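Enquirer: My file is target-v4.tsv. It has TSV, C-alpha atoms and all ligand atoms:
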chain	number	residue	atom	x	y	z
A	7	MET	CA	1.15	-5.51	-26.54
A	8	THR	CA	-1.38	-2.80	-25.59
A	9	GLY	CA	-2.56	-2.20	-22.04
A	10	LEU	CA	-0.64	-2.07	-18.81
A	11	ILE	CA	1.80	-4.89	-18.10
A	12	LEU	CA	3.48	-5.58	-14.78
A	13	GLU	CA	6.35	-8.04	-14.80
A	14	ASN	CA	7.92	-9.41	-11.61
A	15	VAL	CA	7.07	-6.19	-9.77
A	16	GLU	CA	8.37	-6.06	-6.21
A	17	LYS	CA	8.53	-3.56	-3.39
A	18	HIS	CA	10.63	-3.91	-0.26
A	19	TYR	CA	10.87	-1.52	2.65
A	20	GLY	CA	14.17	-2.50	4.23
A	21	SER	CA	13.89	-6.21	4.88
A	22	ALA	CA	10.06	-6.15	4.81
A	23	CYS	CA	8.32	-7.15	1.60
A	24	ALA	CA	5.17	-5.14	0.69
A	25	VAL	CA	4.64	-6.49	-2.84
A	26	LYS	CA	6.14	-9.72	-4.15
A	27	ASP	CA	6.56	-10.90	-7.72
A	28	VAL	CA	3.45	-9.38	-9.32
A	29	ASN	CA	2.78	-10.31	-12.95
A	30	LEU	CA	-0.32	-8.80	-14.53
A	31	HIS	CA	-1.74	-7.76	-17.87
A	32	LEU	CA	-4.46	-5.14	-17.54
A	33	PRO	CA	-6.25	-4.74	-20.87
A	34	GLU	CA	-7.29	-1.36	-22.22
A	35	GLY	CA	-10.71	0.03	-21.30
A	36	LYS	CA	-11.37	-2.38	-18.45
A	37	LEU	CA	-12.08	-1.71	-14.80
A	38	VAL	CA	-9.72	-3.78	-12.70
A	39	CYS	CA	-10.06	-4.10	-8.92
A	40	PHE	CA	-7.15	-4.80	-6.62
A	41	LEU	CA	-8.93	-6.61	-3.82
A	42	GLY	CA	-7.45	-7.92	-0.61
A	43	PRO	CA	-7.28	-7.59	3.16
A	44	SER	CA	-5.61	-4.70	4.94
A	45	GLY	CA	-1.83	-4.62	4.60
A	46	CYS	CA	-1.61	-7.03	1.62
A	47	GLY	CA	0.03	-4.43	-0.62
A	48	LYS	CA	-2.83	-3.02	-2.74
A	49	THR	CA	-2.03	0.65	-2.22
A	50	THR	CA	1.71	0.11	-2.63
A	51	LEU	CA	1.09	-1.61	-5.96
A	52	LEU	CA	-1.21	1.19	-7.13
A	53	ARG	CA	1.30	3.82	-6.06
A	54	MET	CA	4.05	2.07	-8.01
A	55	ILE	CA	1.82	2.13	-11.10
A	56	ALA	CA	1.14	5.83	-10.46
A	57	GLY	CA	4.86	6.56	-10.11
A	58	LEU	CA	4.47	7.68	-6.51
A	59	GLU	CA	6.59	4.78	-5.20
A	60	SER	CA	9.79	3.45	-6.75
A	61	LEU	CA	10.09	-0.19	-7.83
A	62	SER	CA	12.42	-2.49	-5.90
A	63	GLY	CA	12.33	-4.86	-8.87
A	64	GLY	CA	10.48	-5.69	-12.07
A	65	GLU	CA	9.05	-3.67	-14.93
A	66	ILE	CA	5.90	-1.70	-15.72
A	67	ARG	CA	5.02	-1.20	-19.38
A	68	LEU	CA	2.21	0.80	-20.94
A	69	ASP	CA	1.39	0.03	-24.57
A	70	GLY	CA	4.89	-1.43	-24.93
A	71	ASP	CA	6.78	1.50	-23.34
A	72	ASP	CA	8.75	0.94	-20.13
A	73	ILE	CA	7.29	3.49	-17.69
A	74	GLY	CA	8.59	1.94	-14.45
A	75	HIS	CA	10.96	4.85	-13.85
A	76	THR	CA	8.98	7.65	-15.52
A	77	PRO	CA	8.17	10.44	-13.01
A	78	ALA	CA	4.52	10.49	-11.88
A	79	HIS	CA	3.69	13.82	-13.56
A	80	LEU	CA	4.84	12.50	-16.95
A	81	ARG	CA	2.69	9.34	-16.84
A	82	ASN	CA	-0.57	11.22	-17.38
A	83	PHE	CA	-2.56	9.04	-15.00
A	84	GLY	CA	-5.54	10.45	-13.07
A	85	MET	CA	-5.75	9.55	-9.42
A	86	VAL	CA	-8.41	9.78	-6.71
A	87	PHE	CA	-7.35	9.06	-3.15
A	88	GLN	CA	-9.43	7.97	-0.18
A	89	SER	CA	-9.22	11.53	1.20
A	90	LEU	CA	-10.17	12.93	-2.26
A	91	ALA	CA	-7.62	15.73	-1.67
A	92	LEU	CA	-9.86	18.44	-3.16
A	93	PHE	CA	-8.81	22.05	-2.55
A	94	PRO	CA	-11.36	23.29	0.01
A	95	HIS	CA	-10.81	27.00	-0.70
A	96	MET	CA	-11.52	26.55	-4.41
A	97	THR	CA	-14.84	26.25	-6.23
A	98	VAL	CA	-15.99	23.13	-8.03
A	99	GLY	CA	-14.96	24.64	-11.37
A	100	GLU	CA	-11.51	25.69	-10.10
A	101	ASN	CA	-10.87	22.24	-8.65
A	102	ILE	CA	-11.72	20.50	-11.92
A	103	ALA	CA	-9.70	23.00	-13.96
A	104	TYR	CA	-6.62	22.66	-11.74
A	105	PRO	CA	-4.79	19.90	-13.67
A	106	LEU	CA	-5.49	21.78	-16.93
A	107	LYS	CA	-4.06	24.99	-15.46
A	108	LEU	CA	-0.91	23.07	-14.39
A	109	ARG	CA	-0.50	21.90	-17.99
A	110	GLY	CA	-0.77	25.45	-19.30
A	111	VAL	CA	-4.14	24.95	-21.03
A	112	GLY	CA	-5.71	28.30	-22.01
A	113	LYS	CA	-8.59	29.77	-19.98
A	114	ALA	CA	-11.28	29.27	-22.65
A	115	GLU	CA	-10.33	25.66	-23.20
A	116	GLN	CA	-10.24	25.06	-19.44
A	117	ARG	CA	-13.74	26.48	-19.13
A	118	ALA	CA	-15.10	24.38	-21.99
A	119	ARG	CA	-13.64	21.18	-20.50
A	120	VAL	CA	-15.00	22.02	-17.03
A	121	VAL	CA	-18.49	22.58	-18.48
A	122	GLU	CA	-18.26	19.28	-20.36
A	123	LEU	CA	-17.17	17.40	-17.23
A	124	LEU	CA	-19.83	19.02	-15.05
A	125	GLU	CA	-22.41	17.82	-17.51
A	126	LEU	CA	-20.93	14.34	-17.34
A	127	ILE	CA	-21.16	14.25	-13.53
A	128	GLN	CA	-24.51	16.07	-13.50
A	129	LEU	CA	-23.36	19.03	-11.42
A	130	GLN	CA	-23.80	21.76	-14.05
A	131	ALA	CA	-25.34	24.23	-11.59
A	132	MET	CA	-22.52	23.95	-9.07
A	133	ILE	CA	-19.58	25.35	-11.02
A	134	ASP	CA	-19.10	28.31	-8.65
A	135	ARG	CA	-19.89	26.53	-5.40
A	136	PRO	CA	-17.00	26.04	-2.93
A	137	VAL	CA	-16.30	22.32	-2.58
A	138	ALA	CA	-16.69	22.66	1.19
A	139	LYS	CA	-20.41	23.19	0.56
A	140	LEU	CA	-20.98	19.93	-1.32
A	141	SER	CA	-22.37	16.63	-0.07
A	142	GLY	CA	-20.10	13.57	0.18
A	143	GLY	CA	-21.36	12.11	-3.10
A	144	GLN	CA	-21.00	15.42	-4.94
A	145	ARG	CA	-17.43	15.81	-3.69
A	146	GLN	CA	-16.73	12.32	-4.90
A	147	ARG	CA	-17.92	13.19	-8.40
A	148	VAL	CA	-15.85	16.38	-8.46
A	149	ALA	CA	-12.73	14.42	-7.45
A	150	ILE	CA	-13.33	12.02	-10.34
A	151	ALA	CA	-14.00	14.87	-12.79
A	152	ARG	CA	-10.71	16.50	-11.71
A	153	ALA	CA	-8.86	13.21	-12.14
A	154	ILE	CA	-10.09	12.76	-15.71
A	155	ALA	CA	-9.92	16.45	-16.74
A	156	ALA	CA	-6.59	16.09	-18.53
A	157	ARG	CA	-7.80	12.96	-20.37
A	158	PRO	CA	-5.47	10.56	-18.54
A	159	LYS	CA	-4.54	7.23	-20.08
A	160	ILE	CA	-5.42	5.41	-16.86
A	161	LEU	CA	-7.60	6.29	-13.88
A	162	LEU	CA	-6.36	5.09	-10.49
A	163	LEU	CA	-8.81	5.01	-7.59
A	164	ASP	CA	-7.55	4.22	-4.08
A	165	GLU	CA	-10.53	3.30	-1.89
A	166	PRO	CA	-12.36	6.46	-3.00
A	167	LEU	CA	-15.70	5.39	-1.51
A	168	SER	CA	-14.62	4.20	1.90
A	169	ALA	CA	-15.69	7.38	3.71
A	170	LEU	CA	-19.28	7.22	2.40
A	171	ASP	CA	-22.24	5.62	4.13
A	172	ALA	CA	-23.40	2.25	2.78
A	173	LYS	CA	-26.29	3.51	0.65
A	174	LEU	CA	-24.39	6.37	-1.00
A	175	ARG	CA	-21.45	4.06	-1.51
A	176	GLU	CA	-23.60	1.62	-3.45
A	177	SER	CA	-25.05	4.31	-5.71
A	178	MET	CA	-21.57	5.78	-6.32
A	179	GLN	CA	-20.28	2.32	-7.26
A	180	VAL	CA	-22.87	2.15	-10.04
A	181	GLU	CA	-22.21	5.76	-11.07
A	182	ILE	CA	-18.44	5.31	-11.32
A	183	ARG	CA	-18.87	2.08	-13.23
A	184	GLN	CA	-21.25	3.71	-15.73
A	185	LEU	CA	-18.91	6.68	-16.16
A	186	GLN	CA	-15.93	4.39	-16.69
A	187	GLN	CA	-17.82	2.42	-19.34
A	188	ARG	CA	-19.02	5.56	-21.10
A	189	LEU	CA	-15.47	6.97	-21.24
A	190	ASN	CA	-13.96	3.54	-21.89
A	191	ILE	CA	-11.04	4.50	-19.67
A	192	THR	CA	-8.73	1.86	-18.19
A	193	THR	CA	-9.32	2.08	-14.46
A	194	ILE	CA	-7.76	0.43	-11.43
A	195	LEU	CA	-9.74	0.52	-8.21
A	196	VAL	CA	-8.24	-0.49	-4.89
A	197	THR	CA	-10.71	-1.88	-2.38
A	198	HIS	CA	-10.89	-4.30	0.51
A	199	ASP	CA	-14.65	-4.62	-0.02
A	200	GLN	CA	-15.38	-7.77	-2.01
A	201	ARG	CA	-18.94	-6.67	-2.78
A	202	GLU	CA	-17.61	-3.46	-4.30
A	203	ALA	CA	-15.15	-5.41	-6.43
A	204	MET	CA	-17.83	-7.85	-7.58
A	205	THR	CA	-20.22	-5.01	-8.46
A	206	MET	CA	-17.78	-2.88	-10.39
A	207	ALA	CA	-14.96	-4.90	-11.90
A	208	ASP	CA	-14.38	-6.51	-15.27
A	209	ILE	CA	-11.35	-8.19	-13.74
A	210	VAL	CA	-10.58	-8.80	-10.07
A	211	VAL	CA	-7.00	-9.21	-8.88
A	212	VAL	CA	-7.10	-10.85	-5.46
A	213	LEU	CA	-4.05	-9.97	-3.41
A	214	GLY	CA	-3.08	-11.72	-0.20
A	215	GLU	CA	0.14	-11.97	1.76
A	216	HIS	CA	1.76	-9.44	-0.63
A	217	ARG	CA	1.20	-11.59	-3.73
A	218	VAL	CA	-1.40	-12.06	-6.43
A	219	GLN	CA	-3.56	-15.00	-5.38
A	220	GLN	CA	-5.89	-15.05	-8.41
A	221	VAL	CA	-6.90	-12.97	-11.42
A	222	GLY	CA	-10.30	-13.46	-13.02
A	223	THR	CA	-13.75	-12.11	-13.68
A	224	PRO	CA	-15.88	-11.66	-10.54
A	225	ILE	CA	-17.85	-14.80	-11.30
A	226	GLU	CA	-14.72	-16.90	-11.96
A	227	ILE	CA	-13.22	-15.77	-8.68
A	228	TYR	CA	-16.44	-16.53	-6.82
A	229	ARG	CA	-17.28	-19.84	-8.49
A	230	HIS	CA	-13.76	-21.18	-9.03
A	231	PRO	CA	-11.48	-19.78	-6.33
A	232	ALA	CA	-7.90	-20.84	-6.92
A	233	ASN	CA	-7.18	-21.64	-3.29
A	234	GLU	CA	-8.48	-21.47	0.27
A	235	PHE	CA	-7.37	-17.86	0.74
A	236	VAL	CA	-9.51	-16.67	-2.20
A	237	ALA	CA	-12.45	-18.94	-1.28
A	238	ASP	CA	-12.47	-17.54	2.22
A	239	PHE	CA	-11.97	-13.91	1.24
A	240	ILE	CA	-14.57	-13.79	-1.54
A	241	GLY	CA	-18.13	-14.25	-0.34
A	242	SER	CA	-19.15	-16.38	2.54
A	243	GLY	CA	-18.39	-20.02	2.18
A	244	ASN	CA	-18.53	-23.32	3.95
A	245	ILE	CA	-14.93	-24.51	3.95
A	246	PHE	CA	-14.33	-27.75	5.76
A	247	PRO	CA	-11.78	-30.55	5.99
A	248	ALA	CA	-12.32	-33.77	4.09
A	249	THR	CA	-10.32	-36.82	3.06
A	250	THR	CA	-10.17	-38.18	-0.48
A	251	LEU	CA	-11.63	-41.66	-0.92
A	252	GLY	CA	-10.93	-41.91	-4.66
A	253	PRO	CA	-11.64	-39.92	-7.83
A	254	GLY	CA	-14.83	-37.89	-7.29
A	255	ARG	CA	-15.42	-39.09	-3.74
A	256	VAL	CA	-14.49	-37.56	-0.36
A	257	GLY	CA	-15.13	-38.47	3.28
A	258	LEU	CA	-16.26	-36.00	5.93
A	259	PRO	CA	-14.91	-35.98	9.50
A	260	GLY	CA	-18.13	-37.64	10.80
A	261	GLY	CA	-17.77	-40.62	8.43
A	262	ASP	CA	-20.28	-39.71	5.66
A	263	ALA	CA	-19.08	-39.65	2.07
A	264	LEU	CA	-19.85	-37.14	-0.70
A	265	ASP	CA	-19.63	-37.23	-4.49
A	266	VAL	CA	-17.60	-34.28	-5.78
A	267	PRO	CA	-16.45	-33.24	-9.26
A	268	ALA	CA	-13.65	-35.55	-10.34
A	269	SER	CA	-11.61	-32.84	-12.04
A	270	ARG	CA	-8.61	-33.55	-9.85
A	271	SER	CA	-7.45	-37.07	-9.04
A	272	PRO	CA	-5.91	-36.80	-5.62
A	273	VAL	CA	-4.20	-39.61	-3.85
A	274	VAL	CA	-6.55	-41.67	-1.67
A	275	GLY	CA	-6.33	-40.56	1.94
A	276	GLU	CA	-5.19	-37.01	1.11
A	277	LYS	CA	-6.40	-34.33	3.55
A	278	ILE	CA	-8.08	-31.60	1.55
A	279	LYS	CA	-10.45	-28.65	1.99
A	280	LEU	CA	-13.87	-28.54	0.39
A	281	LEU	CA	-15.86	-25.40	-0.43
A	282	VAL	CA	-19.65	-25.21	-0.73
A	283	ARG	CA	-21.29	-21.79	-1.06
A	284	PRO	CA	-24.22	-21.27	1.37
A	285	GLU	CA	-26.69	-20.62	-1.47
A	286	ASP	CA	-25.90	-24.10	-2.85
A	287	VAL	CA	-26.71	-25.94	0.37
A	288	GLN	CA	-30.25	-27.34	0.18
A	289	LEU	CA	-32.30	-28.04	3.29
A	290	SER	CA	-35.32	-30.35	3.38
A	291	ALA	CA	-37.42	-32.33	5.82
A	292	PRO	CA	-35.39	-35.11	7.47
A	293	GLN	CA	-35.05	-38.24	5.35
A	294	ALA	CA	-32.59	-41.13	5.34
A	295	THR	CA	-29.06	-40.37	4.18
A	296	ALA	CA	-28.62	-41.02	0.44
A	297	GLY	CA	-26.04	-39.80	-2.09
A	298	ASN	CA	-25.05	-36.24	-1.16
A	299	ARG	CA	-28.05	-35.89	1.17
A	300	LEU	CA	-26.98	-36.09	4.80
A	301	LEU	CA	-28.83	-35.82	8.08
A	302	GLY	CA	-28.08	-32.90	10.36
A	303	LYS	CA	-29.28	-30.77	13.25
A	304	VAL	CA	-30.02	-27.02	13.19
A	305	THR	CA	-27.74	-25.10	15.56
A	306	PHE	CA	-28.47	-21.49	14.58
A	307	VAL	CA	-31.06	-19.52	12.58
A	308	ARG	CA	-30.74	-15.89	11.57
A	309	ASP	CA	-33.53	-14.14	9.70
A	310	ILE	CA	-31.98	-11.15	7.89
A	311	GLY	CA	-35.06	-10.00	5.99
A	312	ALA	CA	-34.54	-11.02	2.38
A	313	THR	CA	-32.66	-14.18	3.36
A	314	ILE	CA	-32.63	-16.74	6.15
A	315	GLU	CA	-29.28	-18.08	7.29
A	316	THR	CA	-29.43	-21.51	8.88
A	317	THR	CA	-26.46	-23.27	10.43
A	318	VAL	CA	-26.62	-27.05	10.50
A	319	GLU	CA	-24.25	-29.50	12.07
A	320	CYS	CA	-23.77	-32.76	10.23
A	321	SER	CA	-21.08	-35.36	9.83
A	322	GLY	CA	-18.72	-33.51	12.13
A	323	VAL	CA	-18.88	-30.19	10.31
A	324	SER	CA	-21.01	-27.07	10.40
A	325	PHE	CA	-22.72	-25.78	7.22
A	326	THR	CA	-24.46	-22.49	6.65
A	327	ALA	CA	-27.38	-22.52	4.21
A	328	LEU	CA	-29.02	-19.45	2.69
A	329	SER	CA	-32.67	-19.55	1.72
A	330	THR	CA	-35.38	-17.01	1.03
A	331	PRO	CA	-38.44	-16.74	3.29
A	332	CYS	CA	-40.71	-18.11	0.52
A	333	GLN	CA	-38.62	-21.31	0.26
A	334	GLY	CA	-38.40	-21.28	4.03
A	335	MET	CA	-38.99	-24.34	6.10
A	336	ASP	CA	-39.96	-23.59	9.64
A	337	LEU	CA	-36.68	-24.55	11.24
A	338	GLY	CA	-35.74	-23.98	14.85
A	339	ILE	CA	-32.64	-24.74	16.86
A	340	GLY	CA	-32.37	-28.46	17.58
A	341	HIS	CA	-34.62	-29.55	14.66
A	342	ALA	CA	-33.47	-32.47	12.53
A	343	VAL	CA	-33.02	-31.62	8.85
A	344	SER	CA	-31.66	-33.13	5.65
A	345	VAL	CA	-28.79	-31.28	4.02
A	346	THR	CA	-28.01	-31.79	0.34
A	347	LEU	CA	-24.63	-30.65	-0.95
A	348	PRO	CA	-24.93	-31.05	-4.75
A	349	ALA	CA	-21.79	-32.66	-6.18
A	350	GLU	CA	-21.36	-29.93	-8.82
A	351	ALA	CA	-21.41	-27.27	-6.06
A	352	CYS	CA	-18.59	-28.95	-4.08
A	353	ARG	CA	-15.18	-27.57	-4.88
A	354	LEU	CA	-11.85	-29.09	-3.85
A	355	LEU	CA	-9.46	-26.35	-2.87
A	356	GLY	CA	-5.76	-26.25	-3.54
A	357	ALA	CA	-3.31	-25.13	-0.90
B	1	LIG	P1	-4.89	-1.07	3.50
B	1	LIG	O1	-6.09	-1.73	2.88
B	1	LIG	O2	-4.89	-1.18	4.98
B	1	LIG	O3	-4.63	0.30	2.99
B	1	LIG	P2	-2.94	-2.23	1.67
B	1	LIG	O4	-3.29	-3.58	1.16
B	1	LIG	O5	-3.19	-1.09	0.76
B	1	LIG	O6	-3.61	-1.99	3.08
B	1	LIG	P3	-0.24	-1.27	1.76
B	1	LIG	O7	-0.60	0.07	2.31
B	1	LIG	O8	0.15	-1.35	0.36
B	1	LIG	O9	-1.40	-2.31	2.06
B	1	LIG	O10	0.92	-1.88	2.67
B	1	LIG	C1	1.55	-3.14	2.40
B	1	LIG	C2	2.61	-3.40	3.45
B	1	LIG	O11	3.69	-2.49	3.28
B	1	LIG	C3	2.12	-3.24	4.87
B	1	LIG	O12	2.68	-4.25	5.65
B	1	LIG	C4	2.61	-1.88	5.26
B	1	LIG	O13	2.84	-1.80	6.65
B	1	LIG	C5	3.93	-1.78	4.49
B	1	LIG	N1	4.25	-0.39	4.10
B	1	LIG	C6	3.50	0.43	3.33
B	1	LIG	N2	4.11	1.62	3.16
B	1	LIG	C7	5.26	1.56	3.87
B	1	LIG	C8	6.35	2.46	4.10
B	1	LIG	N3	6.37	3.68	3.55
B	1	LIG	N4	7.37	2.04	4.88
B	1	LIG	C9	7.38	0.80	5.42
B	1	LIG	N5	6.39	-0.11	5.24
B	1	LIG	C10	5.35	0.26	4.47
Spell out the structure here as structure tokens.
Expert:
Amino acid sequence: MTGLILENVEKHYGSACAVKDVNLHLPEGKLVCFLGPSGCGKTTLLRMIAGLESLSGGEIRLDGDDIGHTPAHLRNFGMVFQSLALFPHMTVGENIAYPLKLRGVGKAEQRARVVELLELIQLQAMIDRPVAKLSGGQRQRVAIARAIAARPKILLLDEPLSALDAKLRESMQVEIRQLQQRLNITTILVTHDQREAMTMADIVVVLGEHRVQQVGTPIEIYRHPANEFVADFIGSGNIFPATTLGPGRVGLPGGDALDVPASRSPVVGEKIKLLVRPEDVQLSAPQATAGNRLLGKVTFVRDIGATIETTVECSGVSFTALSTPCQGMDLGIGHAVSVTLPAEACRLLGA
């Protein structure tokens, strides 16, 4: 099978487990994000793929070949670290040419490849500039050009944007994504920033507690989180306790009942968790409770420019609703309000 395959990959440091039983198939030409909170094992997993960390167990195969024990320099993977690790005393051109020089590529060919890459990253005029005299975004592009100079089979990016300010970071996310698509190079990006993963990835691998929690497209992960960990980590969500009353029906702590999708048939009386995304919560002028429309009271309002975040307490739980100013009702703390939680937007979460 083509692509990168990880089978039962594990990493232990003494008795501590950093990565546990990872099974993944990363198809060719896709951008895959390893996403998860600090310490969950993202970097360790990436470093094992790069050959910079040994495996405690399992196998890594690339296009059918077992590469789990191949030394890093023979894997032909390009890597960009958080620190970028550019050589400050060298020029832009020398930095990009470095991996070619290491491989014994002739001077003329090195020069031609550097010119081609500089055109790709739009820094043609900077070939002789020392990297110390570049902006953060320009340095970023040089690091990527150096990583792809030797036409690696896979590009590995370990939080390469974390040192940039928010605006530059967003524009670099788009730039890297466009470059990756143009080159059609299989890329793995490590990030703890869910927005970055959602913006850039074809496939998101959510890691938590040293294991893979879910693999899917950004929209699958957001709309159909596999469990409470993923629901909580991806996007903001209203996650609250409920009790099953029968197929497609749950009770809230305050006694109201809701219709929910009947995809699972839990036992009556089972304690479960329910997820409703804030953009799916609908607020309206107070009316009698009916169906999935409940009565509540506003406890907090936050106007963040493009959106208004309203927190409402109802039936023993607190919901956050997102609306835009043009839909906006004039809600203040203490106002009564109706809250509709559409059945199709309610999601029962597994453990
Ligand atoms: P971050 O986002 O903070 O970089 P991460 O998800 O990349 O975190 P890793 O750096 O892979 O996490 O670390 C996973 C776990 O392995 C952590 O508990 C970490 O303390 C541990 N760990 C990592 N490297 C070593 C090491 N060389 N020796 C011992 N423990 C390690």
Enquirer: Do you know which residues are within 8 Å of ligand LIG 1 (chain B) using only C-alpha atoms and all ligand atoms? Can you write them as a list of chain:residue names?
Expert: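 Going residue by residue within 8 Å of ligand LIG 1 (chain B), we get A:His18, A:Tyr19, A:Gly20, A:Ala22, A:Cys23, A:Ala24, A:Val25, A:Gly42, A:Pro43, A:Ser44, A:Gly45, A:Cys46, A:Gly47, A:Lys48, A:Thr49, A:Thr50, A:Leu51, A:Val196, A:Thr197, A:His198, A:Leu213, A:His216.
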Enquirer: Pick out the residues sitting within 12 Å of stretch 119-131 of chain A, and hand them over as JSON, numbers by chain; count only C-alpha atoms, and ignore anything fewer than 4 positions along from it in its own chain.
Expert: {"A": [97, 98, 99, 100, 101, 102, 103, 104, 105, 106, 107, 111, 112, 113, 114, 115, 135, 137, 140, 141, 143, 144, 145, 146, 147, 148, 149, 150, 151, 152, 153, 154, 155, 156, 157, 178, 181, 182, 184, 185, 186, 188, 189]}
Enquirer: Would you work out the distance separating atom CA of A:Thr330 from atom CA of A:Gly311, expressed in Å to one decimal?
Expert: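 If I compute the distance from atom CA of A:Thr330 to atom CA of A:Gly311, I get 8.6 Å.
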Enquirer: Could you make a table, as a Markdown table, of the residues of stretch 124-162 of chain A that have an atom within 7 Å of an atom of stretch 72-83 of chain A, each with its nearest atom pair and distance in Å to one decimal, counting all atoms listed in the file, in chain and number order?
Expert:
| residue | atom | partner | partner_atom | distance |
| --- | --- | --- | --- | --- |
| A:Pro158 | CA | A:Phe83 | CA | 4.8 |
| A:Lys159 | CA | A:Phe83 | CA | 5.7 |
| A:Ile160 | CA | A:Phe83 | CA | 5.0 |
| A:Leu161 | CA | A:Phe83 | CA | 5.8 |
Enquirer: Using all atoms listed in the file, which of the listed residues (A:Ala248, A:Cys352, A:Val266, A:Ala342) sits closest to A:Val323?
Expert: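 Among A:Ala248, A:Cys352, A:Val266, A:Ala342, it is A:Ala248 that comes nearest to A:Val323.
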Enquirer: Identify, on the basis of all atoms listed in the file, every residue whose closest approach to A:Gly302 does not exceed 7 Å; exclude the query and any residue fewer than 3 positions from it along the same chain; express the result as a ChimeraX atom specification.
Expert: /A:318-320,342-345
Enquirer: Tell me which residues come within 6 Å of (0.0, -5.6, -20.0), as a compact mmCIF listing (two decimals) with C-alpha atoms, in the frame of the given file, counting all atoms listed in the file in the file's coordinates.
Expert:
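Wrote it out as point.txt, contents follow:
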# COMPACT_ATOMS: atom_id res chain seq x y z
CA GLY A 9 -2.56 -2.20 -22.04
CA LEU A 10 -0.64 -2.07 -18.81
CA ILE A 11 1.80 -4.89 -18.10
CA HIS A 31 -1.74 -7.76 -17.87
CA LEU A 32 -4.46 -5.14 -17.54
Enquirer: Can you tell me how far atom CA of A:Gly241 sits from atom CA of A:Leu162, in Å to one decimal?
Expert: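 Going from atom CA of A:Gly241 over to atom CA of A:Leu162 covers 24.8 Å.
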Enquirer: Neighbouring residues of A:Arg217 were defined as those with any atom within 7 Å, considering all atoms listed in the file; residues of the same chain fewer than 2 positions away were excluded. Please report them as a CSV table (one decimal) with C-alpha atoms, keeping the file's coordinate frame.
Expert:
chain,number,residue,atom,x,y,z
A,25,VAL,CA,4.6,-6.5,-2.8
A,26,LYS,CA,6.1,-9.7,-4.2
A,27,ASP,CA,6.6,-10.9,-7.7
A,28,VAL,CA,3.4,-9.4,-9.3
A,213,LEU,CA,-4.0,-10.0,-3.4
A,214,GLY,CA,-3.1,-11.7,-0.2
A,215,GLU,CA,0.1,-12.0,1.8
A,219,GLN,CA,-3.6,-15.0,-5.4
Enquirer: Go through A:Leu12, A:Leu30, A:Ala138, A:Cys332 and flag the residue nearest A:His95, using only C-alpha atoms for the distances.
Expert: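 Going through A:Leu12, A:Leu30, A:Ala138, A:Cys332 one by one, the smallest distance to A:His95 is for A:Ala138.
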Enquirer: Between A:Asp134, A:Glu276, A:Glu16, A:Glu59, which has the minimum distance to A:Met96 (counting all atoms listed in the file)?
Expert: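 Result for the nearest residue to A:Met96: A:Asp134.
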Enquirer: Using only C-alpha atoms for the distances, tell me which of A:Pro259, A:Pro166, A:Gly340, A:Pro331 is nearest to A:Gly142.
Expert: A:Pro166
Enquirer: Quick one, how far is atom CA of A:Leu90 from atom CA of A:Val15?
Expert: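 According to the coordinates, atom CA of A:Leu90 and atom CA of A:Val15 are separated by 26.8 Å.
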Enquirer: Find, counting all atoms listed in the file, the residue in A:Leu337, A:Ile240, A:Pro267, A:Pro224 that gets nearest to A:Pro292.
Expert: A:Leu337
Enquirer: Tell me which protein, DNA and RNA residues are within 7 Å of A:Thr8, counting all atoms listed in the file, leaving out same-chain ones fewer than 3 positions away, and put them as a PyMOL selection string.
Expert: chain A and resi 34+68-70
Enquirer: Output file request: stretch 149-155 of chain A, with N, CA, C and O atoms, as a JSON list (two decimals), in the first residue's frame.
Expert:
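Below you can see selection21.json, which holds the result:
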[["chain", "number", "residue", "atom", "x", "y", "z"],
["A", 149, "ALA", "N", 13.19, 28.44, 5.70],
["A", 149, "ALA", "CA", 13.30, 27.14, 6.39],
["A", 149, "ALA", "C", 12.54, 26.07, 5.59],
["A", 149, "ALA", "O", 13.01, 24.93, 5.46],
["A", 150, "ILE", "N", 11.40, 26.44, 5.05],
["A", 150, "ILE", "CA", 10.62, 25.46, 4.28],
["A", 150, "ILE", "C", 11.32, 25.15, 2.96],
["A", 150, "ILE", "O", 11.43, 23.99, 2.56],
["A", 151, "ALA", "N", 11.86, 26.19, 2.32],
["A", 151, "ALA", "CA", 12.58, 25.97, 1.06],
["A", 151, "ALA", "C", 13.77, 25.03, 1.30],
["A", 151, "ALA", "O", 14.03, 24.12, 0.50],
["A", 152, "ARG", "N", 14.48, 25.24, 2.42],
["A", 152, "ARG", "CA", 15.62, 24.36, 2.72],
["A", 152, "ARG", "C", 15.14, 22.92, 2.95],
["A", 152, "ARG", "O", 15.77, 21.97, 2.50],
["A", 153, "ALA", "N", 14.01, 22.79, 3.63],
["A", 153, "ALA", "CA", 13.51, 21.45, 3.93],
["A", 153, "ALA", "C", 13.08, 20.69, 2.67],
["A", 153, "ALA", "O", 13.12, 19.47, 2.64],
["A", 154, "ILE", "N", 12.65, 21.42, 1.64],
["A", 154, "ILE", "CA", 12.19, 20.71, 0.44],
["A", 154, "ILE", "C", 13.24, 20.70, -0.68],
["A", 154, "ILE", "O", 12.99, 20.15, -1.75],
["A", 155, "ALA", "N", 14.41, 21.31, -0.41],
["A", 155, "ALA", "CA", 15.43, 21.46, -1.46],
["A", 155, "ALA", "C", 15.81, 20.12, -2.08],
["A", 155, "ALA", "O", 15.93, 20.01, -3.31]]
